[in-house]
Amino acid sequence: MSVIWTSPSALWLLVLVPLVWLASRFSRTNFNPRQHLLQTIVRTAVLTALAVALARPVFEVGSSRLSVVYLVDVSYSVSSQSVTEAAARIGELNAALRPDHHRIVAFARQARVMADSEALTQVVSADDETGFDRSASDLDAALASARAELAPGHIPRLVLFSDGNATTGDVASIVAQLAGAGIPVSVFPMAPRELGDAWVEALRLPSRLAPGGLIAATVDVGSQRQTSATVEIRNGTEVLGSRAVELTPGTTSVVVDISLDEAGAVTLEARVTSPGDPLETNNALAQAAWVAPRPRVLYIEGTPTSARYLESALQQSGFDVETRPAAGLPATSDGFESFDVVVLSDLGRSVLPDQRIAALSTWVEQFGGGLLVAGGEAVFGEDGYRESPLERLLPVTFERKDEPEIALVMVLDKSWSMAGTNIEMLRISAQAAVDVMKDEHTLGIVTFNDSLDWTLTPRQVGPNREAIRAAIAGIEPSGHTLIFPAVEQAYLALQKLKARAKHVLLLSDGRSYPDDYEALVKKMTTEKMTVSSVAMGAAADRELLQNIAKWGGGRSYAADNPRDVPQIFVKEAKDVTSPGFDEELLKPVVKHVGFLAGIDFTRAPQLRGRTATVIKDTALELIQTEDEDPLLAYWPIGAGRAAVFASDVKDRWAADWIRWRGYGPFFSAVVRELAGQRFPAWSLDLEVAPARGVSRSVTAIVEAREADGQPKNLLRPTVRVEAGGSPRDIVARQVAPGRYEARLTTDAAALITATLVDPVLPVSAGLSRRFIPDAGAEYRFRAPDGALLSALAASTGGTVAPDGESLRSGDADSRAARRAAWPGLVLFALIGWAADLLLRRVRIFEK
């Protein structure tokens, strides 16, 4: 037993006790000393009792008495058989436990104490006359009612029989209260009603909707039998899309493609129709949605003839796309103001001046713009974005994380026409290329006139640099020009070498005899070799050399001045020793789903190449290759967002992707995520709390921003709310920078519409949000929510499906009973006061 002092400050009154004894010492009464002492003792006891009573002590006495409240779900979604079984189980538990106190509480929309198990089964019987409202399931209020029925001073036990599918109330709140009070809740899952029914369980929409584009809406349809059905989505009376499906027992997810014509608030209704369906109430589910204006995309494509693939995919998904060449990139940040996202595809650094990149950076970082950079050959190397201002904005760096094995064969013209300055520049160029190559790289040199020579057979550069220098210095002009055999020899030599990158660099200043160059070069590209060409001087066969480079997937150079050739050779050697792209089949692997949820990558075809990149430390890598190289990376930067797709978006590396059904949804999801960061001038959201009884709390949230994202303060925006009655205009109060809230309480069953209306703020006209309560929630016969029931039991210290022994031997084996002591102390003081009066009148120690 222990004592708790409710108001301990009252104990200070005990300091008056010595005054009682002091007063008795100077008393002038003529009672004998013994009676005088007795009077002082009685008065001391009265004063002490009153002081202690005012301190309100409470005695805690341990108790092992058990109080059990059985809480049974009798809502319409639960089968009558489950309720009957619960009643039988309650009898078994009572027989095993023999509790000192127990109650049975039935609940649906409200909770009610039942007299016994028979009364419980009567509620779900066909001839029930109690008027029990079974059209909802309020687990929150039911647990609160059950807690109130527990006997004080007893060991508490709550036993819940339910399917866990609450349709109203806030379960998390009451569970936290029960856990804090140390009241364990044990649970028994209950089976749903079996009618052979089908119903709409949920309507899932993308987070952002835009008019004009295809929207993949997902309808989750529940069924208790195998049947055929038609699933459709409507906007009012207009059918936006429908699908015929086969339903199996359980939940079937059906994707329906729909399109919305206009921006604004809409109410979409998903409906399922199946033959022999026994219940109409649950066949439809309405959901409010906001259709935002179409996002605007500025698409800058390095290969304009291939822009149609991404342009068409984005337009079909609800984007307004404006395609421009590189020169169309705005030169100031104001030029980007009308766009939400900029897409840069396969653009070399040379076509994007620093001034335009700086304007783009300002727009992204300060004004919340979105940027997508797609890969291609042009974005890497000396002409790419490595260590550029644009690279700083992006979630990757344009470099390789590996050092590939390289084999380079130079095919050099040494015919008579090369005599003089040309041959001297050839030697200087070849040597300059060797100087930038690494020791582990492989180099071969074929020189040709009307025959060919292996001036240097393929070998590693490192241990042979002096021999390579001597071989290059010994090249002398002679003979006529015959290109084909020399290129063929380079091909045959590279066939035998093991290297990740194989490249041929061809230089000539004359014309050669015709041959089947295209077939030869295509055989080389089939074996993953690349060919670049240099036409030295005006007499060179530029058309042939350009075609060889085109067929070989390399670069074509025209050097009118021989002194330009060394720079070309150095550039080619640098690029081949650190190739900026891999042209090989790549399988996309999803690392993080993120905003790509709903896209089936199991059917995604392979990509044919990628730009070499390395992910930055704080970036999010969503898709990678099987070798863990990044394909799609994303990060927020400043007020905006940026992403890099390392492959391309057109008919080179993505040639198979543009025919994939997921091509449009994939890039739409990426662009839509990037577009979401722009700051609207005004925004409106509805925060609707769970219904509590017959009402619910609603908060309309208004945000006001400048174009650069800075908050607008000290405004008084007006929100018009309709919730089943006359419209009400409520002035939202500022609660944070740029944030305003209007709070109200509405009927739990009311359709709620909130519209931002203010004559002073015309830009906000028509901004509206809507909430539609689910009137048929109780009639969606879902399987028991085992996760919620298990979490409820674990959070409070209960168990799932307990027997009598586990209920009795819970964590708390005793519970203190509290008893207030002040009534007894006051009674004692009253008796003492009467005794004191008596001692003043009667002399009890005298004859």
# chains A, B, ... in the order shown; residues from 1 in each chain; ligands from 1

call {"tool": "select_by_dssp", "arguments": {"residues": "segment 90-271 of chain A", "states": "alpha helix (DSSP H)", "output": "PyMOL selection string"}}
result
chain A and resi 90-97+117-123+139-149+171-181

call {"tool": "closest_residue", "arguments": {"among": "A:Thr362, A:Ser451, A:Ser695, A:Ser75", "to": "Arg134 of chain A", "atoms": "only C-alpha atoms"}}
result
A:Ser75

call {"tool": "atom_distance", "arguments": {"atom1": "atom CA of Gly213 of chain A", "atom2": "atom CA of Gln316 of chain A"}}
result
4.7 Å

call {"tool": "closest_atom_pairs", "arguments": {"of": "segment 675-702 of chain A", "to": "segment 109-113 of chain A", "cutoff": "12 Å", "atoms": "only C-alpha atoms", "output": "CSV"}}
result
residue,atom,partner,partner_atom,distance
A:Ala691,CA,A:Arg109,CA,11.1
A:Arg692,CA,A:Arg109,CA,10.3
A:Gly693,CA,A:Arg109,CA,7.8
A:Val694,CA,A:Arg109,CA,9.5

call {"tool": "write_last_selection", "arguments": {"atoms": "N, CA and C atoms", "output": "mmCIF file, in the first residue's frame"}}
result
data_model
loop_
_atom_site.group_PDB
_atom_site.id
_atom_site.type_symbol
_atom_site.label_atom_id
_atom_site.label_comp_id
_atom_site.auth_asym_id
_atom_site.auth_seq_id
_atom_site.Cartn_x
_atom_site.Cartn_y
_atom_site.Cartn_z
ATOM 1 N N ALA A 691 -13.741 11.499 -39.695
ATOM 2 C CA ALA A 691 -15.005 11.829 -39.034
ATOM 3 C C ALA A 691 -14.981 11.348 -37.591
ATOM 4 N N ARG A 692 -15.488 12.174 -36.685
ATOM 5 C CA ARG A 692 -15.638 11.801 -35.282
ATOM 6 C C ARG A 692 -17.108 11.929 -34.952
ATOM 7 N N GLY A 693 -17.804 10.795 -34.911
ATOM 8 C CA GLY A 693 -19.244 10.829 -34.696
ATOM 9 C C GLY A 693 -19.945 11.369 -35.928
ATOM 10 N N VAL A 694 -20.691 12.462 -35.769
ATOM 11 C CA VAL A 694 -21.475 13.004 -36.882
ATOM 12 C C VAL A 694 -20.794 14.225 -37.505
#

call {"tool": "atom_distance", "arguments": {"atom1": "atom CA of Pro184 of chain A", "atom2": "atom CA of Leu66 of chain A"}}
result
12.6 Å
